[in-house]
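This is work_16.cif (mmCIF, C-alpha atoms and all ligand atoms).
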data_model
#
loop_
_atom_site.group_PDB
_atom_site.id
_atom_site.type_symbol
_atom_site.label_atom_id
_atom_site.label_comp_id
_atom_site.auth_asym_id
_atom_site.auth_seq_id
_atom_site.Cartn_x
_atom_site.Cartn_y
_atom_site.Cartn_z
ATOM 1 C CA MET A 1270 82.212 83.128 104.451
ATOM 2 C CA LYS A 1271 85.372 83.455 106.528
ATOM 3 C CA VAL A 1272 86.786 86.965 106.868
ATOM 4 C CA LEU A 1273 90.005 85.989 105.082
ATOM 5 C CA GLU A 1274 88.012 84.705 102.075
ATOM 6 C CA ALA A 1275 86.345 88.071 101.472
ATOM 7 C CA LYS A 1276 87.576 90.062 98.491
ATOM 8 C CA PHE A 1277 87.825 93.341 100.435
ATOM 9 C CA VAL A 1278 90.046 91.665 103.033
ATOM 10 C CA GLN A 1279 92.266 90.151 100.351
ATOM 11 C CA GLY A 1280 92.549 93.545 98.641
ATOM 12 C CA PHE A 1281 93.511 95.134 101.965
ATOM 13 C CA ILE A 1282 96.201 92.509 102.619
ATOM 14 C CA ARG A 1283 97.589 92.877 99.101
ATOM 15 C CA MET A 1284 97.823 96.646 99.547
ATOM 16 C CA CYS A 1285 99.745 96.237 102.819
ATOM 17 C CA ASN A 1286 102.190 93.955 101.061
ATOM 18 C CA ASP A 1287 102.534 96.255 98.053
ATOM 19 C CA GLY A 1288 103.443 99.102 100.432
ATOM 20 C CA TRP A 1289 105.977 96.904 102.211
ATOM 21 C CA GLU A 1290 107.580 95.987 98.875
ATOM 22 C CA GLN A 1291 107.870 99.676 97.990
ATOM 23 C CA GLY A 1292 109.995 100.223 101.120
ATOM 24 C CA TRP A 1293 107.481 102.542 102.798
ATOM 25 C CA HIS A 1294 106.918 100.453 105.943
ATOM 26 C CA GLU A 1295 110.095 99.933 107.940
ATOM 27 C CA ARG A 1296 109.462 98.149 111.240
ATOM 28 C CA ASN A 1297 105.888 99.053 112.311
ATOM 29 C CA GLY A 1298 105.723 102.193 110.169
ATOM 30 C CA GLY A 1299 102.502 103.140 108.405
ATOM 31 C CA ASN A 1300 98.870 102.104 108.739
ATOM 32 C CA LEU A 1301 95.816 101.395 106.579
ATOM 33 C CA SER A 1302 92.052 101.567 107.126
ATOM 34 C CA TYR A 1303 89.014 100.681 105.014
ATOM 35 C CA ARG A 1304 85.355 101.651 105.657
ATOM 36 C CA ILE A 1305 83.513 98.380 105.088
ATOM 37 C CA LYS A 1306 80.316 98.240 102.993
ATOM 38 C CA THR A 1307 77.082 96.864 104.492
ATOM 39 C CA ASP A 1308 76.963 93.840 102.160
ATOM 40 C CA GLU A 1309 80.626 93.078 102.870
ATOM 41 C CA MET A 1310 79.906 93.073 106.625
ATOM 42 C CA GLU A 1311 76.919 90.796 106.030
ATOM 43 C CA SER A 1312 79.091 88.374 104.021
ATOM 44 C CA VAL A 1313 81.535 87.747 106.909
ATOM 45 C CA LYS A 1314 79.115 87.893 109.857
ATOM 46 C CA GLU A 1315 79.678 84.222 110.844
ATOM 47 C CA GLU A 1316 83.103 85.096 112.263
ATOM 48 C CA LEU A 1317 82.281 88.390 114.006
ATOM 49 C CA VAL A 1318 82.156 88.543 117.803
ATOM 50 C CA TYR A 1319 80.193 91.380 119.386
ATOM 51 C CA THR A 1320 81.275 90.897 123.000
ATOM 52 C CA GLY A 1321 84.524 92.882 123.010
ATOM 53 C CA GLU A 1322 84.893 95.859 125.316
ATOM 54 C CA TRP A 1323 84.234 99.369 124.062
ATOM 55 C CA GLN A 1324 87.381 101.508 124.059
ATOM 56 C CA GLU A 1325 87.853 105.247 123.600
ATOM 57 C CA ILE A 1326 88.926 106.404 120.148
ATOM 58 C CA GLY A 1327 90.551 109.550 121.571
ATOM 59 C CA THR A 1328 88.457 111.860 119.422
ATOM 60 C CA LYS A 1329 84.853 112.232 118.297
ATOM 61 C CA VAL A 1330 83.603 111.069 114.880
ATOM 62 C CA PRO A 1331 79.790 111.244 115.018
ATOM 63 C CA GLY A 1332 79.690 111.091 111.214
ATOM 64 C CA LEU A 1333 80.985 107.512 111.467
ATOM 65 C CA ALA A 1334 78.548 106.254 114.112
ATOM 66 C CA LYS A 1335 77.812 102.534 113.610
ATOM 67 C CA GLU A 1336 80.294 102.211 110.742
ATOM 68 C CA PHE A 1337 82.728 99.283 110.475
ATOM 69 C CA PHE A 1338 86.410 99.453 109.539
ATOM 70 C CA LEU A 1339 89.177 97.047 108.647
ATOM 71 C CA VAL A 1340 92.402 98.480 110.126
ATOM 72 C CA THR A 1341 96.021 97.530 110.739
ATOM 73 C CA GLY A 1342 97.085 96.959 114.355
ATOM 74 C CA SER A 1343 99.230 99.233 116.492
ATOM 75 C CA GLY A 1344 102.846 98.059 116.547
ATOM 76 C CA LYS A 1345 102.198 95.501 113.798
ATOM 77 C CA TYR A 1346 104.538 95.200 110.830
ATOM 78 C CA PHE A 1347 103.183 95.583 107.264
ATOM 79 C CA ARG A 1348 105.753 92.943 106.329
ATOM 80 C CA ASN A 1349 103.866 90.358 108.398
ATOM 81 C CA VAL A 1350 100.299 91.140 107.332
ATOM 82 C CA ILE A 1351 100.327 88.722 104.392
ATOM 83 C CA LEU A 1352 101.825 85.914 106.524
ATOM 84 C CA ASP A 1353 99.594 86.305 109.586
ATOM 85 C CA PRO A 1354 96.662 88.620 108.911
ATOM 86 C CA LYS A 1355 94.675 87.468 111.966
ATOM 87 C CA ASP A 1356 97.509 88.670 114.200
ATOM 88 C CA SER A 1357 98.093 91.964 112.355
ATOM 89 C CA ILE A 1358 94.738 93.474 111.377
ATOM 90 C CA CYS A 1359 91.232 93.785 112.809
ATOM 91 C CA ILE A 1360 87.622 94.701 112.087
ATOM 92 C CA ILE A 1361 86.242 97.372 114.435
ATOM 93 C CA GLU A 1362 82.799 98.821 115.021
ATOM 94 C CA ILE A 1363 82.183 102.484 115.974
ATOM 95 C CA ASP A 1364 79.447 103.069 118.581
ATOM 96 C CA GLU A 1365 76.416 105.335 118.136
ATOM 97 C CA THR A 1366 78.177 108.349 119.731
ATOM 98 C CA GLY A 1367 81.257 108.139 117.502
ATOM 99 C CA GLU A 1368 83.516 108.170 120.573
ATOM 100 C CA ASN A 1369 84.242 104.468 121.128
ATOM 101 C CA TYR A 1370 85.187 101.389 119.144
ATOM 102 C CA ARG A 1371 85.273 97.650 119.776
ATOM 103 C CA ILE A 1372 87.082 94.828 117.987
ATOM 104 C CA LEU A 1373 84.856 92.256 116.231
ATOM 105 C CA TRP A 1374 87.536 90.161 114.549
ATOM 106 C CA GLY A 1375 91.340 89.878 114.305
ATOM 107 C CA LEU A 1376 94.296 90.891 116.492
ATOM 108 C CA GLU A 1377 93.894 87.371 117.850
ATOM 109 C CA ASN A 1378 96.999 87.655 120.021
ATOM 110 C CA GLY A 1379 95.844 90.928 121.539
ATOM 111 C CA GLY A 1380 96.569 94.532 120.723
ATOM 112 C CA ARG A 1381 94.836 97.674 119.547
ATOM 113 C CA PRO A 1382 94.050 99.266 116.201
ATOM 114 C CA THR A 1383 96.676 101.590 114.727
ATOM 115 C CA SER A 1384 98.131 104.341 116.919
ATOM 116 C CA GLU A 1385 96.936 106.746 114.218
ATOM 117 C CA LEU A 1386 93.281 105.742 114.647
ATOM 118 C CA PRO A 1387 92.216 109.357 115.445
ATOM 119 C CA SER A 1388 93.741 110.610 112.162
ATOM 120 C CA HIS A 1389 92.313 107.722 110.148
ATOM 121 C CA LEU A 1390 88.797 108.156 111.522
ATOM 122 C CA MET A 1391 88.733 111.963 111.339
ATOM 123 C CA ASN A 1392 89.941 111.761 107.727
ATOM 124 C CA HIS A 1393 87.281 109.126 106.976
ATOM 125 C CA GLU A 1394 84.616 111.322 108.524
ATOM 126 C CA VAL A 1395 85.552 114.315 106.349
ATOM 127 C CA LYS A 1396 85.973 112.258 103.188
ATOM 128 C CA LYS A 1397 82.744 110.313 103.667
ATOM 129 C CA GLU A 1398 80.889 113.619 103.858
ATOM 130 C CA ILE A 1399 82.702 115.399 101.017
ATOM 131 C CA SER A 1400 82.718 112.490 98.567
ATOM 132 C CA GLY A 1401 79.102 111.540 99.293
ATOM 133 C CA GLY A 1402 80.243 108.228 100.750
ATOM 134 C CA LYS A 1403 82.533 107.247 97.843
ATOM 135 C CA HIS A 1404 85.896 107.451 99.641
ATOM 136 C CA ARG A 1405 86.541 104.363 101.764
ATOM 137 C CA VAL A 1406 90.326 104.049 102.098
ATOM 138 C CA ILE A 1407 92.789 106.057 104.219
ATOM 139 C CA TYR A 1408 96.465 105.117 103.870
ATOM 140 C CA HIS A 1409 99.475 106.372 105.836
ATOM 141 C CA ALA A 1410 102.997 105.515 104.627
ATOM 142 C CA HIS A 1411 106.570 106.594 105.367
ATOM 143 C CA THR A 1412 107.461 107.516 101.788
ATOM 144 C CA THR A 1413 111.183 108.182 101.590
ATOM 145 C CA ASN A 1414 111.389 110.891 98.939
ATOM 146 C CA ILE A 1415 108.457 112.970 100.194
ATOM 147 C CA ILE A 1416 110.018 112.899 103.666
ATOM 148 C CA ALA A 1417 113.379 114.032 102.224
ATOM 149 C CA LEU A 1418 111.694 116.955 100.457
ATOM 150 C CA THR A 1419 110.170 118.208 103.729
ATOM 151 C CA PHE A 1420 113.711 119.233 104.759
ATOM 152 C CA VAL A 1421 114.420 121.380 101.699
ATOM 153 C CA LEU A 1422 111.121 122.757 100.368
ATOM 154 C CA PRO A 1423 109.055 125.405 102.193
ATOM 155 C CA LEU A 1424 106.234 123.579 104.016
ATOM 156 C CA LYS A 1425 103.512 125.179 101.901
ATOM 157 C CA ASP A 1426 100.694 123.461 99.995
ATOM 158 C CA GLU A 1427 101.351 125.673 96.945
ATOM 159 C CA VAL A 1428 105.058 124.776 96.760
ATOM 160 C CA PHE A 1429 104.671 121.005 97.232
ATOM 161 C CA THR A 1430 101.786 120.822 94.780
ATOM 162 C CA ARG A 1431 103.434 122.876 92.065
ATOM 163 C CA GLU A 1432 106.876 121.246 92.313
ATOM 164 C CA LEU A 1433 105.376 117.740 92.269
ATOM 165 C CA TRP A 1434 103.013 118.571 89.404
ATOM 166 C CA GLU A 1435 106.015 119.741 87.370
ATOM 167 C CA MET A 1436 107.867 116.435 87.822
ATOM 168 C CA ALA A 1437 105.483 114.268 85.772
ATOM 169 C CA THR A 1438 102.760 115.204 83.306
ATOM 170 C CA GLU A 1439 100.246 112.771 84.814
ATOM 171 C CA CYS A 1440 100.480 114.349 88.296
ATOM 172 C CA PRO A 1441 97.994 117.209 87.862
ATOM 173 C CA VAL A 1442 95.541 114.704 86.367
ATOM 174 C CA VAL A 1443 96.009 112.228 89.256
ATOM 175 C CA PHE A 1444 95.857 114.834 92.049
ATOM 176 C CA PRO A 1445 94.237 117.938 90.507
ATOM 177 C CA SER A 1446 93.106 119.388 93.833
ATOM 178 C CA GLY A 1447 96.729 119.430 95.053
ATOM 179 C CA ILE A 1448 98.570 118.421 98.212
ATOM 180 C CA GLY A 1449 98.341 119.776 101.753
ATOM 181 C CA VAL A 1450 101.260 120.000 104.175
ATOM 182 C CA VAL A 1451 101.207 119.631 107.963
ATOM 183 C CA SER A 1452 104.265 121.053 109.764
ATOM 184 C CA TRP A 1453 105.964 118.744 112.241
ATOM 185 C CA MET A 1454 103.619 117.647 115.025
ATOM 186 C CA VAL A 1455 103.543 114.850 117.595
ATOM 187 C CA PRO A 1456 101.957 111.851 115.814
ATOM 188 C CA GLY A 1457 99.260 109.584 117.205
ATOM 189 C CA GLY A 1458 96.899 112.081 118.800
ATOM 190 C CA ARG A 1459 93.882 114.247 118.236
ATOM 191 C CA GLU A 1460 95.773 117.460 117.412
ATOM 192 C CA ILE A 1461 97.528 116.092 114.315
ATOM 193 C CA ALA A 1462 94.251 114.372 113.367
ATOM 194 C CA VAL A 1463 92.416 117.707 113.426
ATOM 195 C CA ALA A 1464 95.139 119.403 111.340
ATOM 196 C CA THR A 1465 95.187 116.561 108.786
ATOM 197 C CA SER A 1466 91.425 116.217 108.458
ATOM 198 C CA ARG A 1467 91.147 119.969 107.901
ATOM 199 C CA LEU A 1468 93.437 119.594 104.876
ATOM 200 C CA MET A 1469 91.432 116.583 103.696
ATOM 201 C CA ARG A 1470 88.478 118.938 103.119
ATOM 202 C CA GLN A 1471 90.451 120.310 100.141
ATOM 203 C CA TYR A 1472 92.914 117.610 99.190
ATOM 204 C CA ASP A 1473 93.220 113.812 98.861
ATOM 205 C CA VAL A 1474 96.868 113.945 99.980
ATOM 206 C CA ALA A 1475 98.402 115.361 103.163
ATOM 207 C CA VAL A 1476 102.149 115.397 103.812
ATOM 208 C CA TRP A 1477 103.362 115.112 107.407
ATOM 209 C CA ALA A 1478 106.694 116.957 107.585
ATOM 210 C CA HIS A 1479 109.646 114.706 108.485
ATOM 211 C CA HIS A 1480 107.260 111.752 108.834
ATOM 212 C CA GLY A 1481 105.304 110.641 105.754
ATOM 213 C CA MET A 1482 102.019 111.010 103.926
ATOM 214 C CA PHE A 1483 98.280 110.348 104.201
ATOM 215 C CA CYS A 1484 96.184 109.542 101.115
ATOM 216 C CA SER A 1485 92.424 109.108 100.728
ATOM 217 C CA GLY A 1486 90.596 107.334 97.928
ATOM 218 C CA GLU A 1487 87.572 105.366 96.792
ATOM 219 C CA ASP A 1488 89.223 101.949 96.669
ATOM 220 C CA PHE A 1489 92.554 100.184 97.202
ATOM 221 C CA ASP A 1490 93.806 100.656 93.618
ATOM 222 C CA LEU A 1491 93.084 104.386 93.510
ATOM 223 C CA THR A 1492 94.505 105.078 96.956
ATOM 224 C CA PHE A 1493 97.663 103.010 96.499
ATOM 225 C CA GLY A 1494 98.053 104.501 93.010
ATOM 226 C CA LEU A 1495 97.778 108.003 94.442
ATOM 227 C CA MET A 1496 100.447 107.357 97.102
ATOM 228 C CA HIS A 1497 102.662 105.739 94.444
ATOM 229 C CA THR A 1498 102.249 108.612 91.968
ATOM 230 C CA VAL A 1499 103.026 111.331 94.534
ATOM 231 C CA GLU A 1500 106.034 109.433 95.885
ATOM 232 C CA LYS A 1501 107.393 108.718 92.396
ATOM 233 C CA SER A 1502 107.096 112.396 91.543
ATOM 234 C CA ALA A 1503 108.974 113.203 94.769
ATOM 235 C CA GLU A 1504 111.687 110.764 93.701
ATOM 236 C CA ILE A 1505 112.100 112.567 90.392
ATOM 237 C CA LEU A 1506 112.298 115.907 92.232
ATOM 238 C CA VAL A 1507 114.971 114.562 94.591
ATOM 239 C CA LYS A 1508 116.968 113.311 91.581
ATOM 240 C CA MET A 1509 116.545 116.575 89.729
ATOM 241 C CA LEU A 1510 117.616 118.659 92.752
ATOM 242 C CA SER A 1511 120.617 116.358 93.216
ATOM 243 C CA MET A 1512 121.739 116.738 89.603
ATOM 244 C CA ARG A 1513 121.129 120.431 89.134
ATOM 245 C CA PRO A 1514 119.007 122.569 91.450
ATOM 246 C CA GLU A 1515 117.836 124.941 88.688
ATOM 247 C CA LYS A 1516 115.592 123.548 85.990
ATOM 248 C CA LEU A 1517 116.678 124.132 82.400
ATOM 249 C CA GLN A 1518 113.069 123.633 81.275
ATOM 250 C CA THR A 1519 109.809 122.545 82.878
ATOM 251 C CA ILE A 1520 106.026 122.337 82.495
ATOM 252 C CA THR A 1521 104.778 125.947 82.561
ATOM 253 C CA PRO A 1522 101.565 127.420 84.003
ATOM 254 C CA GLU A 1523 100.298 127.770 80.415
ATOM 255 C CA ASN A 1524 101.098 124.091 79.756
ATOM 256 C CA PHE A 1525 99.109 123.147 82.881
ATOM 257 C CA ARG A 1526 96.126 125.194 81.680
ATOM 258 C CA SER A 1527 96.194 123.379 78.308
ATOM 259 C CA LEU A 1528 96.461 120.019 80.058
ATOM 260 C CA ALA A 1529 93.512 120.896 82.311
ATOM 261 C CA ALA A 1530 91.349 121.749 79.306
ATOM 262 C CA ASP A 1531 92.173 118.555 77.366
ATOM 263 C CA PHE A 1532 91.943 116.209 80.362
ATOM 264 C CA HIS A 1533 88.824 117.879 81.800
ATOM 265 C CA VAL A 1534 90.294 118.603 85.218
ATOM 266 C CA THR A 1535 90.141 121.830 87.200
ATOM 267 C CA LEU A 1536 93.533 123.020 88.414
ATOM 268 C CA PRO A 1537 93.200 125.760 91.057
ATOM 269 C CA GLU A 1538 94.939 128.958 89.917
ATOM 270 C CA LYS A 1539 96.633 129.316 93.325
ATOM 271 C CA PHE A 1540 99.064 126.574 92.178
ATOM 272 C CA LEU A 1541 99.810 128.221 88.811
ATOM 273 C CA TYR A 1542 101.616 131.258 90.198
ATOM 274 C CA GLU A 1543 104.495 132.934 88.319
ATOM 275 C CA LYS A 1544 107.840 132.060 89.904
HETATM 276 O O1 LIG B 1601 104.166 103.361 113.574
HETATM 277 O O2 LIG B 1601 103.387 105.163 111.234
HETATM 278 O O3 LIG B 1601 102.671 107.317 112.537
HETATM 279 C C1 LIG B 1601 102.984 103.681 112.962
HETATM 280 C C2 LIG B 1601 103.095 105.015 112.395
HETATM 281 C C3 LIG B 1601 102.837 106.162 113.267
HETATM 282 ZN ZN ZN B 1602 103.814 107.166 110.661
#
Go ahead and express the file in the form of structure tokens.
Amino acid sequence: MKVLEAKFVQGFIRMCNDGWEQGWHERNGGNLSYRIKTDEMESVKEELVYTGEWQEIGTKVPGLAKEFFLVTGSGKYFRNVILDPKDSICIIEIDETGENYRILWGLENGGRPTSELPSHLMNHEVKKEISGGKHRVIYHAHTTNIIALTFVLPLKDEVFTRELWEMATECPVVFPSGIGVVSWMVPGGREIAVATSRLMRQYDVAVWAHHGMFCSGEDFDLTFGLMHTVEKSAEILVKMLSMRPEKLQTITPENFRSLAADFHVTLPEKFLYEK
């Protein structure tokens, strides 16, 4: 079948548009990548072209050798993906060393995969290993409320996790392992990719101070849902801090322990400190 007829491609495009509608993708902000399954690659092979030039990734991901990814293009607008996917997104192949990629489909008017390709691929490499191959989606968005919080909360995993858990009862169930925080760094390169992928060993969410967020998940629904849940919790925290900086009441460490028992999740004690 044609690439655009494949369900995984349609799910990818829908997710880009959902993110745009949330207001997380001003201009060319944000990027999305999906590690394609073998049978999905087989289903679209008629349109793939294997003569493109190999290009350097800018980092090394041997754990992803010979994998295929659907990714948004550098400088492309999420707003336009649904209207002109062939111009905005592409399928890439990673070579056997994990150091180079080539484009097999898409970006028909030229261009490169996302400027955050090193972060996407290093996160994929870690998550593929840790989840036993289950995680396939890495999503980067410029989520307004999380970004606002990086100016007023200490940039510590424990603080972001605990404050966001307290804002909505479902949060510790949706992201029980917590949230990591990367202090401000230059985006687009290997250094921020290394810092982010290190956090992805422990967490499914990494905040980039004064920039946005990265989420990892098994499929489009789970990964979009994770981004949405964290950002909604951040919105509640921003509203709460704006109304009255001190809480009159909240969810307590004991409440979290009860929730963990009933919902069969493990909540690391490092987040349940006494304030
Ligand atoms: O413009 O979001 O981090 C794309 C980005 C870079
Ligand atoms: Zn960004």
Exercise for the section: Considering all atoms listed in the file, return as a VMD selection string whatever protein or nucleic-acid residues lie within 12 Å of A:Asn1524, sequence-local ones (same chain, fewer than 4 positions apart) excluded. Expected result: chain A and resid 1434 to 1435 1438 1441 1519 to 1520 1528 to 1531 1536 1541
Handout entry: Å distance separating atom CA of A:Asp1490 from atom CA of A:Pro1331, one decimal place
Key = 27.7 Å
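Nearest-residue note for ligand LIG 1601 (chain B): choosing from A:Tyr1303, A:Phe1429, A:Phe1532, A:Tyr1346, the minimum distance belongs to A:Tyr1346, counting all atoms listed in the file.
Atom CA of A:Lys1539 to atom CA of A:Glu1523 spans 13.5 Å [interatomic distance, one decimal].
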Practice task
Determine the nearest neighbour of ligand ZN 1602 (chain B) from the options A:Val1476, A:Leu1506, A:Met1512, A:Ile1448, counting only C-alpha atoms and all ligand atoms.
Solution key: A:Val1476
Practice task
Evaluate the PyMOL selection byres (((not hetatm)) within 7 of (chain B and resi 1602)) here and jot the selected residues down as a PyMOL selection string.
Solution key: chain A and resi 1298-1299+1409-1411+1480-1481
